[in-house]
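**Student:** Structure provided below as structure tokens; questions to follow.
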Amino acid sequence: MDPRVEKFMANIIAKNAGESEFHQAVQEVAESLVPFIEENPKYKHAKVLERIAEPERVIIFRIPWIDDKGDVQVNKGYRIEMNSAIGPYKGGIRFHPTVNLSILKFLGFEQVFKNSLTTLPLGGGKGGSDFDPKGKSDNEVMKFCQSFMSELFRHIGPDTDVPAGDIGVGGREVGFMFGQYKRLKNEFTGVFTGKGREWGGSLIRPEATGYGTVYFAEEMLKIKGDSFKGKSVTISGSGNVAQFATEKALEFGAKIVTLSDSAGFIYDPNGIDAEKLEYVKELKNIKRGRISEYADKYGVEYYEGKRPWIVKCDVALPCATQNEITEEDAQTLVKNGCFVVSEGANMPSTPDAVEVYLNNRILYGPGKAANAGGVAVSGLEMTQNSMRLSWSREEVDSKLQSIMKNIHETCRKYGVESDGFINYLNGSNIGGFVKVADAMIAQGVV
Ligand code: NDP
Ligand code: 2IT
């Protein structure tokens, strides 16, 4: 490791003991930025990277609620207000039993760079709880969301901090949280994104992350004179991002052969077509069932406890969770001919996996660039809310496409190497950094 990065990381590790996911995210960015900052000393003197790696504010609180049996439950709630240099804090809320300070700080940190890349005025934040929505009734989810918001409402606002969904938080949860916020504040404002379309939500927001990940991959393919048409695609996850990545890749003429959840994956050699995708949406969003049921319904193989990266493909779209592609998985992907990885999830590839992609010079779109479509359309939802009007599907989709093209261009500008290879990792880290860093310097030491 570059000794300057090592020194920087020793300080981060000492100050944030035990937060391994946060260390991982910061180190990946520091490896791109430390050499860049050496060449641009104004950032060094202003200690911008040191400041970006320290959240502006962390809120941790108790969430007591009563389950259907009448028993009291207690969860932990968090909101990380990471950076507000270029706009109000913005980022999703995650409900998952693994949620802890380290995971939310890594997500908040990534969000700062991602939001900057969208070109919209969005700061970075993230929140969530260790609450597990699996197996809970609608009533329990509502009770929990109301208790969560009974504390969070005093910290957020349409010009302060604007949450949205993430793992375990979709339209249902956003509705319950928004309802409680409105009741406590007596204000109908654009305090959340991902709202229902009848009450301030933007068209295309549900689709945006998955569509954006495919648009980004299509841009990478275009550089090689190639496209999704006829490509074999493996996708992990079967939630919001995975479903709409499947939908757009299908529309672009690809064959999608896998989907997964935390219990295993299905392999459909004939491809997941539009009708099968509708079944998955119903299974996951309404019945809240398991992906193994797909295998029973369509008579395909289900691989329990396994991830999809053992299946041969041209393009891999990880859309489930962090660190779901290990070094070994990455080697298997490359060995089997995979030459595009576009990350719908946040930090799905371990640092060793990323090294495999870069060493093999494949097209690698890191999450902060490739999954920025979701937060970008959240930014467009905020604009529509401020103007008190709503744009058509076509208008939002065309803005999303141009934002993803722009992000690709920013990555190319900052990541192109002397032989023409585009290092999207460096490109997204540096491209995301510059705007935030310049704003921080302009605003003084705050
Ligand atoms: P959902 O809750 O809708 O779906 C998550 C999917 O990933 C489910 O299939 C889930 O399986 C699976 N999954 C979750 N945790 C794990 C785990 N520990 N191991 C294996 N599989 C797991 O979430 P989203 O689709 O919204 O989010 C997916 C990823 O995309 C996350 O990394 C998120 O941060 C990122 N993202 C989301 C955005 C959005 O707009 N929603 C925007 C940008 C990024 P199971 O049902 O078994 O839990
Ligand atoms: O990781 C992410 O970018 C999100 N979960 C979406 C955030 C948002 O505010 O729309």
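Ordering of the structure tokens sets the chain letters (A, B, ...); residue numbers start at 1 within each chain; ligands are numbered from 1 in the order shown.
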Return as a tab-separated table the residues of range 219-314 of chain A lying at most 12 Å from range 404-415 of chain A, together with the closest atom-to-atom pair for each and the distance in Å to one decimal, counting only C-alpha atoms, with rows in chain order and ascending residue number.

**Tutor:**
residue	atom	partner	partner_atom	distance
A:Glu219	CA	A:Lys405	CA	6.8
A:Met220	CA	A:His408	CA	7.6
A:Leu221	CA	A:His408	CA	11.2
A:Lys222	CA	A:His408	CA	10.9
A:Ile223	CA	A:Arg412	CA	10.1

**Student:** What would the file look like if the residues just selected were written as a PDB file, in the first residue's frame with C-alpha atoms?

**Tutor:**
ATOM      1  CA  GLU A 219     -22.460   3.341 -21.778  1.00  0.00           C
ATOM      2  CA  MET A 220     -19.424   1.258 -20.827  1.00  0.00           C
ATOM      3  CA  LEU A 221     -20.269  -1.279 -23.550  1.00  0.00           C
ATOM      4  CA  LYS A 222     -20.730   1.530 -26.103  1.00  0.00           C
ATOM      5  CA  ILE A 223     -17.107   2.599 -25.611  1.00  0.00           C
TER       6      ILE A 223
END

**Student:** Would you return as a ChimeraX atom specification the members of range 249-375 of chain A that DSSP assigns to strand (DSSP E) on this structure's backbone?

**Tutor:** /A:255-261,264-267,301-304,315-317,340-342,363-365

**Student:** Save out the residues we just selected, C-alpha atoms, as a PDB file, in the first residue's frame.

**Tutor:**
ATOM      1  CA  LYS A 255     -30.849 -12.802 -21.481  1.00  0.00           C
ATOM      2  CA  ILE A 256     -31.038 -12.730 -17.674  1.00  0.00           C
ATOM      3  CA  VAL A 257     -30.281 -16.115 -16.175  1.00  0.00           C
ATOM      4  CA  THR A 258     -30.117 -15.642 -12.393  1.00  0.00           C
ATOM      5  CA  LEU A 259     -31.775 -13.880  -9.446  1.00  0.00           C
ATOM      6  CA  SER A 260     -31.151 -14.488  -5.757  1.00  0.00           C
ATOM      7  CA  ASP A 261     -32.053 -13.660  -2.187  1.00  0.00           C
ATOM      8  CA  GLY A 264     -29.778 -18.840  -2.472  1.00  0.00           C
ATOM      9  CA  PHE A 265     -30.123 -18.250  -6.216  1.00  0.00           C
ATOM     10  CA  ILE A 266     -32.133 -19.574  -9.147  1.00  0.00           C
ATOM     11  CA  TYR A 267     -30.604 -20.371 -12.535  1.00  0.00           C
ATOM     12  CA  GLU A 301     -32.464 -25.271 -10.474  1.00  0.00           C
ATOM     13  CA  TYR A 302     -32.292 -23.573  -7.067  1.00  0.00           C
ATOM     14  CA  TYR A 303     -28.843 -23.342  -5.457  1.00  0.00           C
ATOM     15  CA  GLU A 304     -29.338 -23.070  -1.732  1.00  0.00           C
ATOM     16  CA  VAL A 315     -22.295  -9.177 -17.750  1.00  0.00           C
ATOM     17  CA  ALA A 316     -22.723  -9.370 -13.954  1.00  0.00           C
ATOM     18  CA  LEU A 317     -25.038  -6.983 -12.126  1.00  0.00           C
ATOM     19  CA  VAL A 340     -18.687  -6.171 -17.532  1.00  0.00           C
ATOM     20  CA  VAL A 341     -19.537  -5.650 -13.848  1.00  0.00           C
ATOM     21  CA  SER A 342     -21.967  -2.819 -13.121  1.00  0.00           C
ATOM     22  CA  LEU A 363     -15.399  -2.864 -17.673  1.00  0.00           C
ATOM     23  CA  TYR A 364     -16.019  -2.225 -13.990  1.00  0.00           C
ATOM     24  CA  GLY A 365     -18.649   0.338 -12.957  1.00  0.00           C
TER      25      GLY A 365
END

**Student:** From the set A:Ala254, A:Ala208, A:Ile286, A:Ala249, which residue has the shortest atom-to-atom contact distance to ligand 2, counting only C-alpha atoms and all ligand atoms?

**Tutor:**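 Closest to ligand 2 of all the choices is A:Ala208.
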
**Student:** Residues of chain A that approach ligand 2 to 6 Å or less, counting only C-alpha atoms and all ligand atoms: could you list each one with the shortest pair of atoms and its distance in Å to one decimal, rows by chain and increasing residue number, as a Markdown table?

**Tutor:**
| residue | atom | partner | partner_atom_place_in_ligand_line | distance |
| --- | --- | --- | --- | --- |
| A:Lys90 | CA | ligand 2 | 9 (O) | 5.1 |
| A:Gly91 | CA | ligand 2 | 9 (O) | 3.6 |
| A:Gly92 | CA | ligand 2 | 7 (C) | 4.1 |
| A:Pro163 | CA | ligand 2 | 9 (O) | 5.6 |
| A:Ala164 | CA | ligand 2 | 9 (O) | 4.6 |
| A:Gly165 | CA | ligand 2 | 5 (N) | 5.5 |
| A:Asp166 | CA | ligand 2 | 5 (N) | 4.2 |
| A:Ala372 | CA | ligand 2 | 3 (O) | 5.9 |
| A:Gly374 | CA | ligand 2 | 10 (O) | 5.1 |
| A:Val375 | CA | ligand 2 | 10 (O) | 3.6 |
| A:Ser378 | CA | ligand 2 | 10 (O) | 4.7 |

**Student:** List all protein, DNA and RNA residues that have any atom at most 7 Å from ligand 1, counting only C-alpha atoms and all ligand atoms, and write the list as a VMD selection string.

**Tutor:** chain A and resid 165 to 170 208 to 209 237 to 242 260 to 263 290 319 to 322 324 344 to 346 348 371 to 372 374 to 375

**Student:** Write out, as an mmCIF file, in the first residue's frame, the residues just selected, with C-alpha atoms.

**Tutor:**
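Written out: again-v7.cif:
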data_model
loop_
_atom_site.group_PDB
_atom_site.id
_atom_site.type_symbol
_atom_site.label_atom_id
_atom_site.label_comp_id
_atom_site.auth_asym_id
_atom_site.auth_seq_id
_atom_site.Cartn_x
_atom_site.Cartn_y
_atom_site.Cartn_z
ATOM 1 C CA GLY A 165 -35.563 3.738 0.690
ATOM 2 C CA ASP A 166 -32.805 1.137 0.710
ATOM 3 C CA ILE A 167 -32.704 -2.550 1.738
ATOM 4 C CA GLY A 168 -35.923 -3.399 3.598
ATOM 5 C CA VAL A 169 -37.444 0.029 2.950
ATOM 6 C CA GLY A 170 -39.744 0.383 -0.066
ATOM 7 C CA ALA A 208 -34.448 4.388 -11.344
ATOM 8 C CA THR A 209 -31.649 2.488 -9.603
ATOM 9 C CA GLY A 237 -30.873 -9.994 -5.387
ATOM 10 C CA SER A 238 -34.557 -9.971 -6.267
ATOM 11 C CA GLY A 239 -35.616 -6.728 -4.595
ATOM 12 C CA ASN A 240 -36.154 -3.261 -5.974
ATOM 13 C CA VAL A 241 -32.828 -2.816 -7.769
ATOM 14 C CA ALA A 242 -32.601 -6.373 -9.142
ATOM 15 C CA SER A 260 -31.151 -14.488 -5.757
ATOM 16 C CA ASP A 261 -32.053 -13.660 -2.187
ATOM 17 C CA SER A 262 -30.191 -14.161 1.060
ATOM 18 C CA ALA A 263 -31.005 -17.907 1.021
ATOM 19 C CA ARG A 290 -38.635 -16.534 -1.256
ATOM 20 C CA CYS A 319 -27.887 -5.892 -6.907
ATOM 21 C CA ALA A 320 -28.157 -7.392 -3.390
ATOM 22 C CA THR A 321 -25.697 -6.216 -0.746
ATOM 23 C CA GLN A 322 -22.138 -5.292 0.277
ATOM 24 C CA GLU A 324 -21.278 -10.271 -2.098
ATOM 25 C CA GLY A 344 -26.472 -1.898 -8.586
ATOM 26 C CA ALA A 345 -25.700 -2.551 -4.925
ATOM 27 C CA ASN A 346 -23.412 -0.457 -2.724
ATOM 28 C CA PRO A 348 -20.888 -5.415 -3.522
ATOM 29 C CA ASN A 371 -26.249 2.898 -8.962
ATOM 30 C CA ALA A 372 -26.505 6.698 -8.760
ATOM 31 C CA GLY A 374 -31.836 6.051 -7.779
ATOM 32 C CA VAL A 375 -30.682 9.063 -5.852
#

**Student:** What are the nearest atom pairs, with distances in Å to one decimal, for all residues of range 277-362 of chain A that come at most 12 Å from range 422-425 of chain A, using only C-alpha atoms, set out by chain and rising residue number as JSON lines?

**Tutor:**
{"residue": "A:Val340", "atom": "CA", "partner": "A:Tyr424", "partner_atom": "CA", "distance": 11.9}
{"residue": "A:Val341", "atom": "CA", "partner": "A:Tyr424", "partner_atom": "CA", "distance": 11.1}
{"residue": "A:Ser342", "atom": "CA", "partner": "A:Tyr424", "partner_atom": "CA", "distance": 10.5}
{"residue": "A:Glu343", "atom": "CA", "partner": "A:Leu425", "partner_atom": "CA", "distance": 11.5}
{"residue": "A:Met347", "atom": "CA", "partner": "A:Leu425", "partner_atom": "CA", "distance": 11.5}
{"residue": "A:Ser349", "atom": "CA", "partner": "A:Leu425", "partner_atom": "CA", "distance": 11.9}
{"residue": "A:Pro351", "atom": "CA", "partner": "A:Leu425", "partner_atom": "CA", "distance": 11.2}
{"residue": "A:Val354", "atom": "CA", "partner": "A:Leu425", "partner_atom": "CA", "distance": 8.9}
{"residue": "A:Glu355", "atom": "CA", "partner": "A:Leu425", "partner_atom": "CA", "distance": 10.5}
{"residue": "A:Tyr357", "atom": "CA", "partner": "A:Asn423", "partner_atom": "CA", "distance": 10.1}
{"residue": "A:Leu358", "atom": "CA", "partner": "A:Asn423", "partner_atom": "CA", "distance": 7.6}
{"residue": "A:Asn359", "atom": "CA", "partner": "A:Asn423", "partner_atom": "CA", "distance": 10.7}
{"residue": "A:Asn360", "atom": "CA", "partner": "A:Asn423", "partner_atom": "CA", "distance": 11.6}
{"residue": "A:Arg361", "atom": "CA", "partner": "A:Asn423", "partner_atom": "CA", "distance": 8.5}
{"residue": "A:Ile362", "atom": "CA", "partner": "A:Ile422", "partner_atom": "CA", "distance": 9.5}

**Student:** By how many Å are CA of Ser390 in chain A and CA of Leu120 in chain A apart?

**Tutor:**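 Separation between CA of Ser390 in chain A and CA of Leu120 in chain A: 17.7 Å.
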
**Student:** Taking only C-alpha atoms into account, which of A:Met142, A:Ile52, A:Leu117, A:Ala274 comes nearest Gly427 in chain A?

**Tutor:**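 With only C-alpha atoms as the atom set, the closest residue is A:Leu117.
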
**Student:** Which is closer to Pro318 in chain A than all the others in A:Gln146, A:Ser236, A:Ser386, A:Asn426, using only C-alpha atoms?

**Tutor:** A:Ser236

**Student:** Could you pull the residues within 9 Å of Asp68 in chain A, counting only C-alpha atoms, minus those fewer than 6 positions along the same chain, as a ChimeraX atom specification?

**Tutor:** /A:136-137,139-140

**Student:** Residues of the last selection are to be written out with N, CA and C atoms, as a tab-separated table (two decimals), in the first residue's frame.

**Tutor:**
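In the end it all went to again24.tsv:
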chain	number	residue	atom	x	y	z
A	136	LYS	N	-42.72	-9.92	9.66
A	136	LYS	CA	-43.53	-8.99	10.46
A	136	LYS	C	-44.83	-8.68	9.70
A	137	SER	N	-45.91	-8.46	10.45
A	137	SER	CA	-47.18	-8.09	9.81
A	137	SER	C	-47.11	-6.63	9.37
A	139	ASN	N	-49.09	-4.39	10.23
A	139	ASN	CA	-49.33	-3.60	11.43
A	139	ASN	C	-48.04	-3.40	12.24
A	140	GLU	N	-47.25	-4.45	12.34
A	140	GLU	CA	-45.98	-4.33	13.09
A	140	GLU	C	-45.01	-3.39	12.37

**Student:** Near Val300 in chain A, counting only C-alpha atoms, which residues have an atom at most 9 Å away, once you skip same-chain residues fewer than 3 positions from it, shown as a list in words?

**Tutor:**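 The neighbour list is Ile266, Tyr267, Asp268, Pro269, Tyr294, Ala295, Asp296 and Lys297 of chain A.
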
**Student:** Would you put the residues from that selection into a file with N, CA and C atoms, as a PDB file, in the first residue's frame?

**Tutor:**
ATOM      1  N   ILE A 266     -31.530 -18.715  -8.121  1.00  0.00           N
ATOM      2  CA  ILE A 266     -32.133 -19.574  -9.147  1.00  0.00           C
ATOM      3  C   ILE A 266     -31.387 -19.355 -10.455  1.00  0.00           C
ATOM      4  N   TYR A 267     -31.248 -20.439 -11.221  1.00  0.00           N
ATOM      5  CA  TYR A 267     -30.604 -20.371 -12.535  1.00  0.00           C
ATOM      6  C   TYR A 267     -31.628 -20.807 -13.572  1.00  0.00           C
ATOM      7  N   ASP A 268     -31.989 -19.869 -14.433  1.00  0.00           N
ATOM      8  CA  ASP A 268     -32.979 -20.166 -15.471  1.00  0.00           C
ATOM      9  C   ASP A 268     -32.278 -20.070 -16.828  1.00  0.00           C
ATOM     10  N   PRO A 269     -31.825 -21.212 -17.374  1.00  0.00           N
ATOM     11  CA  PRO A 269     -31.033 -21.177 -18.610  1.00  0.00           C
ATOM     12  C   PRO A 269     -31.803 -20.621 -19.806  1.00  0.00           C
ATOM     13  N   TYR A 294     -39.623 -19.565  -7.187  1.00  0.00           N
ATOM     14  CA  TYR A 294     -39.491 -19.420  -8.649  1.00  0.00           C
ATOM     15  C   TYR A 294     -39.060 -20.763  -9.249  1.00  0.00           C
ATOM     16  N   ALA A 295     -38.112 -21.400  -8.564  1.00  0.00           N
ATOM     17  CA  ALA A 295     -37.588 -22.682  -9.069  1.00  0.00           C
ATOM     18  C   ALA A 295     -38.711 -23.731  -9.112  1.00  0.00           C
ATOM     19  N   ASP A 296     -39.547 -23.730  -8.068  1.00  0.00           N
ATOM     20  CA  ASP A 296     -40.659 -24.684  -8.048  1.00  0.00           C
ATOM     21  C   ASP A 296     -41.648 -24.375  -9.167  1.00  0.00           C
ATOM     22  N   LYS A 297     -41.928 -23.095  -9.345  1.00  0.00           N
ATOM     23  CA  LYS A 297     -42.946 -22.719 -10.339  1.00  0.00           C
ATOM     24  C   LYS A 297     -42.488 -23.007 -11.766  1.00  0.00           C
TER      25      LYS A 297
END

**Student:** Which is closer to Ile204 in chain A than all the others in A:Phe244, A:Trp309, A:Phe192, A:Tyr181, using only C-alpha atoms?

**Tutor:**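 Going through A:Phe244, A:Trp309, A:Phe192, A:Tyr181 one by one, the smallest distance to Ile204 in chain A is for A:Phe244.
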
**Student:** Using Å and a single decimal, report how far CA of Gly87 in chain A sits from CA of Pro121 in chain A.

**Tutor:** 4.8 Å

**Student:** Quick one: residues within 12 Å of range 37-39 of chain A, only C-alpha atoms counted, chain neighbours fewer than 4 positions away excluded, as a PyMOL selection string?

**Tutor:** chain A and resi 4-5+29-33+43-50+429-430+433-434+437

**Student:** Counting only C-alpha atoms, which residue out of A:Arg288, A:Thr119, A:Asp329, A:Gln111 sits closest to Lys306 in chain A?

**Tutor:** A:Asp329
